[in-house]
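Below is work09.cif, holding mmCIF, C-alpha atoms and all ligand atoms.
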```
data_input
loop_
_atom_site.label_atom_id
_atom_site.label_comp_id
_atom_site.auth_asym_id
_atom_site.auth_seq_id
_atom_site.Cartn_x
_atom_site.Cartn_y
_atom_site.Cartn_z
CA MET A 1 81.73 73.37 93.22
CA ARG A 2 79.59 76.32 94.30
CA ALA A 3 81.06 79.79 93.85
CA LEU A 4 79.83 83.39 94.17
CA VAL A 5 80.42 85.01 90.79
CA TYR A 6 80.53 88.76 90.08
CA GLN A 7 78.06 89.72 87.34
CA GLY A 8 78.86 93.42 87.08
CA PRO A 9 77.93 96.36 89.35
CA GLY A 10 75.11 95.52 91.72
CA SER A 11 75.04 91.81 91.14
CA ALA A 12 76.65 88.53 92.17
CA GLU A 13 75.25 85.06 91.66
CA LEU A 14 75.90 81.64 93.17
CA GLN A 15 76.95 79.35 90.33
CA ASP A 16 78.21 75.84 89.77
CA ARG A 17 81.84 75.95 88.67
CA PRO A 18 84.28 73.14 87.82
CA ALA A 19 86.06 71.91 90.97
CA ALA A 20 89.39 73.60 91.77
CA GLN A 21 92.31 71.44 90.66
CA LEU A 22 96.09 71.48 90.46
CA VAL A 23 97.42 73.22 87.35
CA THR A 24 101.19 73.38 87.94
CA GLY A 25 103.52 71.31 90.11
CA ASP A 26 103.76 73.94 92.86
CA ASP A 27 99.99 74.45 93.18
CA VAL A 28 97.90 73.60 96.19
CA VAL A 29 94.15 73.14 96.32
CA VAL A 30 92.69 74.71 99.45
CA GLU A 31 89.23 73.69 100.64
CA ILE A 32 87.87 77.02 101.85
CA VAL A 33 86.39 77.11 105.34
CA GLY A 34 85.39 80.76 105.29
CA THR A 35 86.12 84.20 103.86
CA GLY A 36 85.78 87.58 105.52
CA VAL A 37 83.65 90.10 103.63
CA CYS A 38 85.94 93.00 102.81
CA GLY A 39 84.92 96.59 102.14
CA THR A 40 86.50 96.07 98.74
CA ASP A 41 83.96 93.33 97.90
CA ARG A 42 81.16 95.72 98.69
CA LYS A 43 82.79 98.54 96.70
CA ILE A 44 83.14 96.16 93.74
CA LEU A 45 79.44 95.33 93.91
CA LEU A 46 78.60 99.03 94.19
CA GLY A 47 80.61 99.66 91.02
CA ARG A 48 83.17 101.78 92.89
CA PHE A 49 86.12 99.47 92.53
CA PRO A 50 86.93 97.79 89.22
CA ALA A 51 86.75 94.00 88.96
CA ARG A 52 86.37 91.52 86.11
CA PRO A 53 82.79 90.36 85.53
CA GLY A 54 82.71 86.57 85.72
CA VAL A 55 85.32 86.42 88.50
CA VAL A 56 84.68 84.51 91.74
CA LEU A 57 84.75 87.16 94.50
CA GLY A 58 86.40 86.89 97.94
CA HIS A 59 89.97 87.08 99.20
CA GLU A 60 90.24 87.17 103.03
CA SER A 61 90.14 83.48 103.54
CA VAL A 62 91.31 80.45 105.46
CA GLY A 63 90.95 76.79 104.72
CA VAL A 64 92.49 73.35 104.73
CA VAL A 65 94.94 72.01 102.15
CA ARG A 66 93.32 69.17 100.24
CA GLU A 67 95.79 68.49 97.43
CA THR A 68 99.39 69.45 96.68
CA GLY A 69 101.44 69.39 93.48
CA PRO A 70 104.60 67.23 93.35
CA GLN A 71 106.94 70.21 93.96
CA VAL A 72 105.11 71.56 97.03
CA ARG A 73 107.29 71.47 100.18
CA SER A 74 106.00 74.06 102.67
CA VAL A 75 102.49 72.73 103.31
CA GLY A 76 100.87 69.32 103.32
CA VAL A 77 97.41 67.84 102.96
CA GLY A 78 95.34 68.61 106.08
CA ASP A 79 97.24 71.77 107.05
CA ARG A 80 95.17 74.76 108.07
CA VAL A 81 96.24 77.73 106.00
CA VAL A 82 95.49 81.37 105.33
CA VAL A 83 95.47 82.62 101.75
CA ASN A 84 97.75 85.51 100.81
CA PRO A 85 95.65 86.95 97.96
CA THR A 86 98.26 89.52 96.89
CA LEU A 87 99.99 87.49 94.20
CA TYR A 88 103.29 88.66 92.71
CA CYS A 89 105.80 87.41 90.15
CA GLY A 90 108.96 87.64 92.24
CA TRP A 91 111.30 88.78 89.46
CA CYS A 92 110.18 92.22 88.23
CA VAL A 93 112.00 95.31 89.57
CA PRO A 94 109.56 96.18 92.41
CA CYS A 95 109.36 92.49 93.42
CA ARG A 96 113.15 92.19 93.62
CA ARG A 97 113.17 95.33 95.77
CA GLY A 98 110.75 93.59 98.12
CA ALA A 99 107.80 95.77 97.07
CA THR A 100 105.80 92.74 95.96
CA ASN A 101 102.55 94.67 96.44
CA PHE A 102 103.59 96.80 93.47
CA CYS A 103 104.49 93.88 91.22
CA ARG A 104 104.34 94.92 87.59
CA HIS A 105 102.57 91.73 86.60
CA LYS A 106 99.49 92.07 88.75
CA ALA A 107 96.97 92.07 85.94
CA GLY A 108 94.89 88.92 86.20
CA THR A 109 96.45 87.90 89.52
CA GLU A 110 94.39 89.74 92.12
CA VAL A 111 92.46 87.06 93.94
CA GLY A 112 88.75 87.85 94.07
CA VAL A 113 89.16 90.86 91.75
CA ASP A 114 90.45 89.60 88.41
CA ARG A 115 91.53 86.05 89.39
CA ASP A 116 89.00 83.61 90.86
CA GLY A 117 88.62 84.13 94.59
CA THR A 118 87.46 82.32 97.68
CA TYR A 119 83.69 82.70 98.04
CA ALA A 120 83.76 79.16 96.75
CA GLU A 121 84.23 75.67 98.07
CA ALA A 122 87.89 75.57 97.02
CA VAL A 123 90.64 77.59 95.37
CA THR A 124 93.89 76.75 93.56
CA LEU A 125 97.02 78.78 94.37
CA PRO A 126 100.80 78.42 94.09
CA GLU A 127 102.15 77.24 97.46
CA ARG A 128 103.93 80.50 98.26
CA PHE A 129 100.54 82.21 98.56
CA VAL A 130 99.31 80.04 101.39
CA GLU A 131 100.68 80.33 104.91
CA ARG A 132 100.32 77.72 107.64
CA ILE A 133 98.25 78.82 110.64
CA PRO A 134 99.54 78.08 114.15
CA ALA A 135 97.76 75.25 115.97
CA GLY A 136 95.09 76.47 118.38
CA LEU A 137 94.29 79.71 116.55
CA PRO A 138 90.48 79.87 116.33
CA PHE A 139 88.90 80.22 112.91
CA HIS A 140 87.42 83.66 113.67
CA SER A 141 90.85 85.06 114.48
CA ALA A 142 92.60 83.35 111.58
CA VAL A 143 90.15 84.84 109.10
CA LEU A 144 91.39 88.33 110.13
CA ILE A 145 95.04 87.67 109.23
CA GLU A 146 94.78 89.20 105.75
CA PRO A 147 93.22 92.51 106.87
CA LEU A 148 95.73 92.53 109.73
CA ALA A 149 98.58 92.33 107.20
CA CYS A 150 97.09 95.33 105.43
CA VAL A 151 96.86 97.29 108.67
CA LEU A 152 100.41 96.40 109.73
CA ASN A 153 101.72 97.77 106.45
CA ASN A 154 99.84 101.04 106.85
CA VAL A 155 100.74 101.56 110.51
CA GLU A 156 104.36 100.83 109.67
CA ALA A 157 104.23 103.36 106.82
CA ALA A 158 103.18 106.05 109.30
CA SER A 159 106.17 105.25 111.58
CA VAL A 160 103.97 105.56 114.67
CA THR A 161 105.95 105.99 117.92
CA PHE A 162 105.05 106.35 121.61
CA ASP A 163 105.02 110.13 121.21
CA ASP A 164 102.20 110.06 118.64
CA THR A 165 98.54 110.83 119.12
CA VAL A 166 96.55 108.91 116.54
CA VAL A 167 93.05 109.36 115.16
CA VAL A 168 91.41 106.59 113.18
CA LEU A 169 88.49 107.67 110.99
CA GLY A 170 86.07 104.77 110.72
CA ALA A 171 85.37 101.96 113.19
CA GLY A 172 84.79 99.18 110.71
CA PRO A 173 86.98 96.08 110.92
CA ILE A 174 89.96 97.86 109.31
CA GLY A 175 89.51 100.89 111.56
CA MET A 176 89.31 98.68 114.65
CA LEU A 177 92.39 96.69 113.63
CA THR A 178 94.28 99.91 112.84
CA ALA A 179 93.40 101.30 116.26
CA LEU A 180 94.42 98.03 117.95
CA VAL A 181 97.79 97.92 116.19
CA ALA A 182 98.47 101.67 116.59
CA ALA A 183 97.61 101.41 120.29
CA ARG A 184 100.56 99.06 120.75
CA GLN A 185 102.79 102.01 119.88
CA ALA A 186 101.08 105.40 120.24
CA ARG A 187 100.45 107.34 123.47
CA ARG A 188 96.80 107.86 122.61
CA VAL A 189 94.41 106.51 120.00
CA THR A 190 91.02 108.05 119.20
CA VAL A 191 88.43 106.40 117.00
CA ALA A 192 85.86 108.51 115.10
CA GLU A 193 82.73 106.93 113.65
CA PRO A 194 79.27 108.08 112.53
CA ASP A 195 77.39 104.75 112.72
CA GLY A 196 75.56 103.95 115.97
CA TYR A 197 76.27 100.23 115.98
CA ARG A 198 79.96 100.64 115.26
CA LEU A 199 80.27 103.45 117.82
CA GLU A 200 78.95 101.11 120.47
CA GLN A 201 81.40 98.41 119.37
CA ALA A 202 84.28 100.92 119.44
CA ARG A 203 83.36 102.13 122.93
CA GLU A 204 83.66 98.57 124.23
CA ARG A 205 87.24 98.44 123.02
CA PHE A 206 88.73 101.92 123.18
CA THR A 207 88.89 104.74 125.70
CA HIS A 208 88.66 107.64 123.24
CA VAL A 209 85.74 107.33 120.83
CA VAL A 210 84.05 110.26 119.07
CA ASP A 211 80.58 110.27 117.51
CA VAL A 212 80.80 112.17 114.22
CA ALA A 213 77.29 111.37 112.97
CA ASP A 214 75.91 114.89 112.88
CA ALA A 215 79.13 116.85 112.99
CA ASP A 216 82.12 117.76 110.92
CA PRO A 217 84.50 114.89 111.82
CA ALA A 218 87.56 117.17 112.09
CA GLU A 219 85.82 119.69 114.35
CA ALA A 220 84.17 117.00 116.49
CA VAL A 221 87.45 115.20 117.14
CA VAL A 222 89.40 118.38 117.95
CA LYS A 223 86.64 119.45 120.32
CA ALA A 224 86.59 116.06 122.05
CA SER A 225 90.38 116.21 122.42
CA GLY A 226 90.31 119.56 124.23
CA GLY A 227 91.53 121.47 121.18
CA GLU A 228 94.46 119.14 120.49
CA ARG A 229 95.15 117.89 116.97
CA PRO A 230 96.52 114.40 116.33
CA SER A 231 99.97 113.85 114.86
CA VAL A 232 98.73 110.93 112.76
CA VAL A 233 95.35 110.37 111.08
CA PHE A 234 94.36 107.12 109.39
CA ASP A 235 91.39 107.44 107.07
CA THR A 236 90.01 103.92 106.89
CA SER A 237 86.75 105.06 105.27
CA GLY A 238 88.28 105.88 101.91
CA THR A 239 86.25 109.08 101.82
CA GLY A 240 87.69 111.06 104.72
CA LEU A 241 90.82 112.64 103.28
CA ASP A 242 89.36 116.14 103.39
CA SER A 243 88.49 115.71 107.08
CA ALA A 244 91.86 114.12 107.80
CA LEU A 245 93.78 117.04 106.26
CA ARG A 246 91.81 119.55 108.32
CA LEU A 247 92.18 117.45 111.45
CA VAL A 248 95.88 116.56 111.49
CA ASP A 249 98.35 118.71 113.41
CA ASP A 250 101.06 120.69 111.63
CA GLY A 251 103.98 118.40 110.87
CA GLY A 252 101.69 115.37 111.01
CA ARG A 253 101.01 112.40 108.76
CA VAL A 254 97.83 111.37 107.02
CA VAL A 255 97.50 107.78 105.86
CA VAL A 256 94.83 107.04 103.27
CA MET A 257 93.26 103.59 103.46
CA GLY A 258 89.96 102.24 102.22
CA PHE A 259 89.03 101.95 98.57
CA ASP A 260 86.62 104.24 96.82
CA ASP A 261 87.45 105.09 93.25
CA THR A 262 84.63 107.62 93.06
CA TYR A 263 85.82 109.87 95.91
CA THR A 264 87.92 112.90 95.00
CA VAL A 265 89.12 115.86 97.02
CA PRO A 266 90.52 119.21 95.85
CA LEU A 267 94.05 119.48 97.19
CA ARG A 268 96.07 122.68 97.57
CA PRO A 269 99.73 121.63 97.66
CA LEU A 270 100.55 124.76 99.67
CA ARG A 271 98.43 123.32 102.48
CA LEU A 272 100.88 120.40 102.67
CA THR A 273 104.06 122.46 102.32
CA ASN A 274 103.07 125.27 104.71
CA ARG A 275 101.90 122.88 107.37
CA GLY A 276 104.51 120.17 106.78
CA ILE A 277 101.93 117.45 106.31
CA ARG A 278 102.98 114.12 104.88
CA LEU A 279 100.34 112.34 102.87
CA ILE A 280 100.92 108.59 102.83
CA GLY A 281 99.44 105.87 100.67
CA ALA A 282 100.84 102.47 101.55
CA GLY A 283 98.61 100.06 99.62
CA ASP A 284 98.14 96.55 100.87
CA TYR A 285 101.27 94.70 102.02
CA ARG A 286 104.58 93.29 100.95
CA ALA A 287 104.91 89.51 101.08
CA ASP A 288 107.20 89.66 104.12
CA ILE A 289 104.47 91.27 106.23
CA PHE A 290 102.16 88.28 105.84
CA PRO A 291 103.99 85.98 108.29
CA VAL A 292 104.17 88.91 110.74
CA ALA A 293 100.37 89.17 110.56
CA VAL A 294 100.11 85.43 111.28
CA ASP A 295 102.21 85.91 114.44
CA LEU A 296 100.28 88.96 115.57
CA ALA A 297 96.97 87.15 115.01
CA ALA A 298 98.26 84.30 117.16
CA GLU A 299 98.90 86.82 119.94
CA LEU A 300 95.76 88.96 119.61
CA GLY A 301 93.68 85.85 119.01
CA ASP A 302 95.15 83.74 121.80
CA PRO A 303 92.16 82.13 123.56
CA ARG A 304 94.12 82.24 126.84
CA ARG A 305 94.31 86.04 126.66
CA PRO A 306 90.73 87.29 126.52
CA GLY A 307 90.03 90.83 125.36
CA VAL A 308 86.59 92.25 126.10
CA GLY A 309 84.68 89.71 128.19
CA ALA A 310 85.88 86.17 127.71
CA VAL A 311 86.58 86.35 123.98
CA PRO A 312 89.98 87.31 122.53
CA VAL A 313 90.07 90.78 121.05
CA LEU A 314 90.50 89.61 117.47
CA GLU A 315 87.77 86.99 117.50
CA ARG A 316 85.22 89.46 118.82
CA LEU A 317 85.53 91.56 115.67
CA VAL A 318 83.71 88.83 113.76
CA THR A 319 80.08 89.54 114.58
CA HIS A 320 78.21 87.65 111.85
CA GLU A 321 78.53 84.55 109.77
CA PHE A 322 76.48 83.37 106.80
CA PRO A 323 76.67 80.30 104.57
CA LEU A 324 77.57 80.86 100.91
CA GLU A 325 73.94 80.67 99.73
CA ARG A 326 72.98 83.55 102.06
CA HIS A 327 75.56 85.96 100.60
CA ALA A 328 72.93 88.67 100.07
CA GLU A 329 72.32 88.82 103.83
CA ALA A 330 76.04 89.19 104.44
CA PHE A 331 76.16 92.32 102.28
CA ALA A 332 72.89 93.60 103.74
CA ALA A 333 74.46 93.51 107.22
CA LEU A 334 77.24 95.74 105.89
CA GLY A 335 74.99 98.53 104.75
CA GLY A 336 73.52 96.85 101.69
CA LEU A 337 74.29 97.73 98.12
CA ALA A 338 72.01 100.67 97.46
CA GLN A 339 72.83 103.37 100.00
CA GLY A 340 75.16 106.32 100.18
CA ASP A 341 78.59 105.93 101.61
CA GLY A 342 81.28 107.65 103.60
CA TYR A 343 81.83 110.95 105.32
CA GLY A 344 79.43 113.22 103.52
CA ALA A 345 80.76 112.08 100.16
CA THR A 346 77.44 110.95 98.79
CA GLY A 347 74.89 111.81 101.41
CA ARG A 348 74.34 109.77 104.53
CA PRO A 349 76.74 106.98 105.38
CA PRO A 350 75.32 103.45 105.27
CA ARG A 351 73.84 101.90 108.39
CA TYR A 352 75.85 98.99 109.68
CA ASP A 353 74.60 96.10 111.76
CA ALA A 354 77.89 94.26 111.81
CA LEU A 355 81.63 94.53 112.14
CA LYS A 356 83.37 91.67 110.36
CA VAL A 357 81.04 89.40 108.44
CA VAL A 358 82.25 85.98 107.35
CA ILE A 359 80.86 83.89 104.54
CA ARG A 360 81.31 80.19 105.21
CA SER A 361 82.06 77.92 102.29
CA HIS A 362 82.15 74.83 104.42
CA SER A 363 78.76 73.52 105.52
CA GLY A 364 79.48 70.63 107.94
CA PRO A 365 79.60 70.70 111.76
CA VAL A 366 82.16 72.95 113.48
CA GLY A 367 83.98 72.71 116.79
CA SER A 368 84.16 75.33 119.56
CA ASP A 369 87.16 76.88 117.76
CA GLY A 370 85.02 77.52 114.67
CA TRP A 371 86.96 75.04 112.53
CA PRO A 372 85.17 72.14 110.85
CA VAL A 373 85.21 69.03 113.00
CA GLY A 374 88.13 66.88 111.91
CA ALA A 375 89.87 69.71 110.00
ZN ZN A 401 90.25 92.79 101.84
ZN ZN A 402 106.64 91.24 90.17
#
```

Go through the file and emit its structure as structure tokens.
Amino acid sequence: MRALVYQGPGSAELQDRPAAQLVTGDDVVVEIVGTGVCGTDRKILLGRFPARPGVVLGHESVGVVRETGPQVRSVGVGDRVVVNPTLYCGWCVPCRRGATNFCRHKAGTEVGVDRDGTYAEAVTLPERFVERIPAGLPFHSAVLIEPLACVLNNVEAASVTFDDTVVVLGAGPIGMLTALVAARQARRVTVAEPDGYRLEQARERFTHVVDVADADPAEAVVKASGGERPSVVFDTSGTGLDSALRLVDDGGRVVVMGFDDTYTVPLRPLRLTNRGIRLIGAGDYRADIFPVAVDLAAELGDPRRPGVGAVPVLERLVTHEFPLERHAEAFAALGGLAQGDGYGATGRPPRYDALKVVIRSHSGPVGSDGWPVGA
């Protein structure tokens, strides 16, 4: 089967790999329909997030079950499923506490990072890491379930209530999803973004959007809010913590999201204690959040409840789609692999021409719901 293999920083190559097959009795083989390109994939290729050279990249994926081991009970051949790429052992101390995202046996199990991922024609996984997708959910909404799980975990960690004013730094797919989920709870949500394309996309969806291209993000947002500071800031850029700390109101919460291992910020603890600021890192998601994300996707992606225009709010976040062999174009649409990144961290932020980009593994005809005909 064809698979996109990580060759080390800056490079990935389409290779022929042995077809995915059942290894243990509770395995399933999923024929991948498509995989969302995640900021993490790009950071891996930029050498800013560690991954194992030789691994098949990709983790935000949906597909159709093609084969099941003899012990598999929860899914059957032909079921449409979403992959939960955050594997866990289930018996270590954090796992038994429910914190499966902090499983102590993660090494070699992170799909698309150090275990073969889904930019491929198929993948093998134990059955508990695939979740059935409700009938009628279009492909473009289903492919956002994994990032949605991530966002749910982070919004939950901030304990957002109706009394909160929220600022989301970054209007990429994670920023947009964070703003959508937070807006179900908070009194006011503001999105801050430097990129022209993403600003335009954000303005179509949200009332309060601030252009921070040529300004200090913290100052620009406070100014646009009439001098008010938010009680919660989500940094979805991975490089905005400094701005977030200057922006948040006293007594507020800052949630760090986004992955950039090269970004650092000098931190004076007194700044946190004096101002009563809680700094929150919530990671990806516990296993129990995954089915919640499936339900929420079914609601936000319901074709009978259009968002902007005639397309459901979730589906509209997917702006581009490329077949596996055009993977380079997918990354080019997301700022490419050679430019600076983030809020003044390393010069100018990248230029984006897309929100969510999907790489399709399946090459046959598709129906109006984006799923392969007959799947
Ligand atoms: Zn991801
Ligand atoms: Zn564990």

Nearest to Gln15 in chain A by atom-to-atom distance, counting all atoms listed in the file, from A:Gly54, A:Pro372, A:Pro126, A:Pro147: A:Gly54

Close residues to ligand ZN 401 (chain A) using all atoms listed in the file, limit 9 Å, as a PDB file with C-alpha atoms, in the frame of the given file:
```pdb
ATOM      1  CA  GLY A  36      85.780  87.580 105.520  1.00  0.00           C
ATOM      2  CA  VAL A  37      83.650  90.100 103.630  1.00  0.00           C
ATOM      3  CA  CYS A  38      85.940  93.000 102.810  1.00  0.00           C
ATOM      4  CA  GLY A  39      84.920  96.590 102.140  1.00  0.00           C
ATOM      5  CA  THR A  40      86.500  96.070  98.740  1.00  0.00           C
ATOM      6  CA  ASP A  41      83.960  93.330  97.900  1.00  0.00           C
ATOM      7  CA  GLY A  58      86.400  86.890  97.940  1.00  0.00           C
ATOM      8  CA  HIS A  59      89.970  87.080  99.200  1.00  0.00           C
ATOM      9  CA  GLU A  60      90.240  87.170 103.030  1.00  0.00           C
ATOM     10  CA  PRO A  85      95.650  86.950  97.960  1.00  0.00           C
ATOM     11  CA  GLU A 146      94.780  89.200 105.750  1.00  0.00           C
ATOM     12  CA  PRO A 147      93.220  92.510 106.870  1.00  0.00           C
ATOM     13  CA  CYS A 150      97.090  95.330 105.430  1.00  0.00           C
ATOM     14  CA  ASP A 284      98.140  96.550 100.870  1.00  0.00           C
TER      15      ASP A 284
END
```

Counting only C-alpha atoms and all ligand atoms, which protein, DNA or RNA residues come within 10 Å of ligand ZN 402 (chain A), given as number ranges by chain? A: 87-106

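Residue neighbourhood of Asn84 in chain A, excluding near-sequence residues (fewer than 2 positions): His59, Glu60, Ser61, Val82, Thr86, Leu87, Val111, Arg128, Phe129, Val130, Glu131, Glu146, Ala287 and Phe290 of chain A, at 9 Å, using all atoms listed in the file.
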
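Distances here use all atoms listed in the file; by that measure, the residue among A:Val56, A:Phe139, A:Gln21, A:Asp288 closest to Val366 in chain A is A:Phe139.
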
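Going from CA of Glu325 in chain A to CA of Gly34 in chain A covers 12.7 Å.
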
Just to confirm, what's the straight-line distance from CA of Leu144 in chain A to CA of Arg286 in chain A in Å (one decimal)?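 About the pair CA of Leu144 in chain A and CA of Arg286 in chain A: they are 16.8 Å apart.
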
Close residues, Leu57 in chain A itself excluded, 6 Å, only C-alpha atoms, min 2 positions apart in chain, as a VMD selection string: chain A and resid 112 117 119
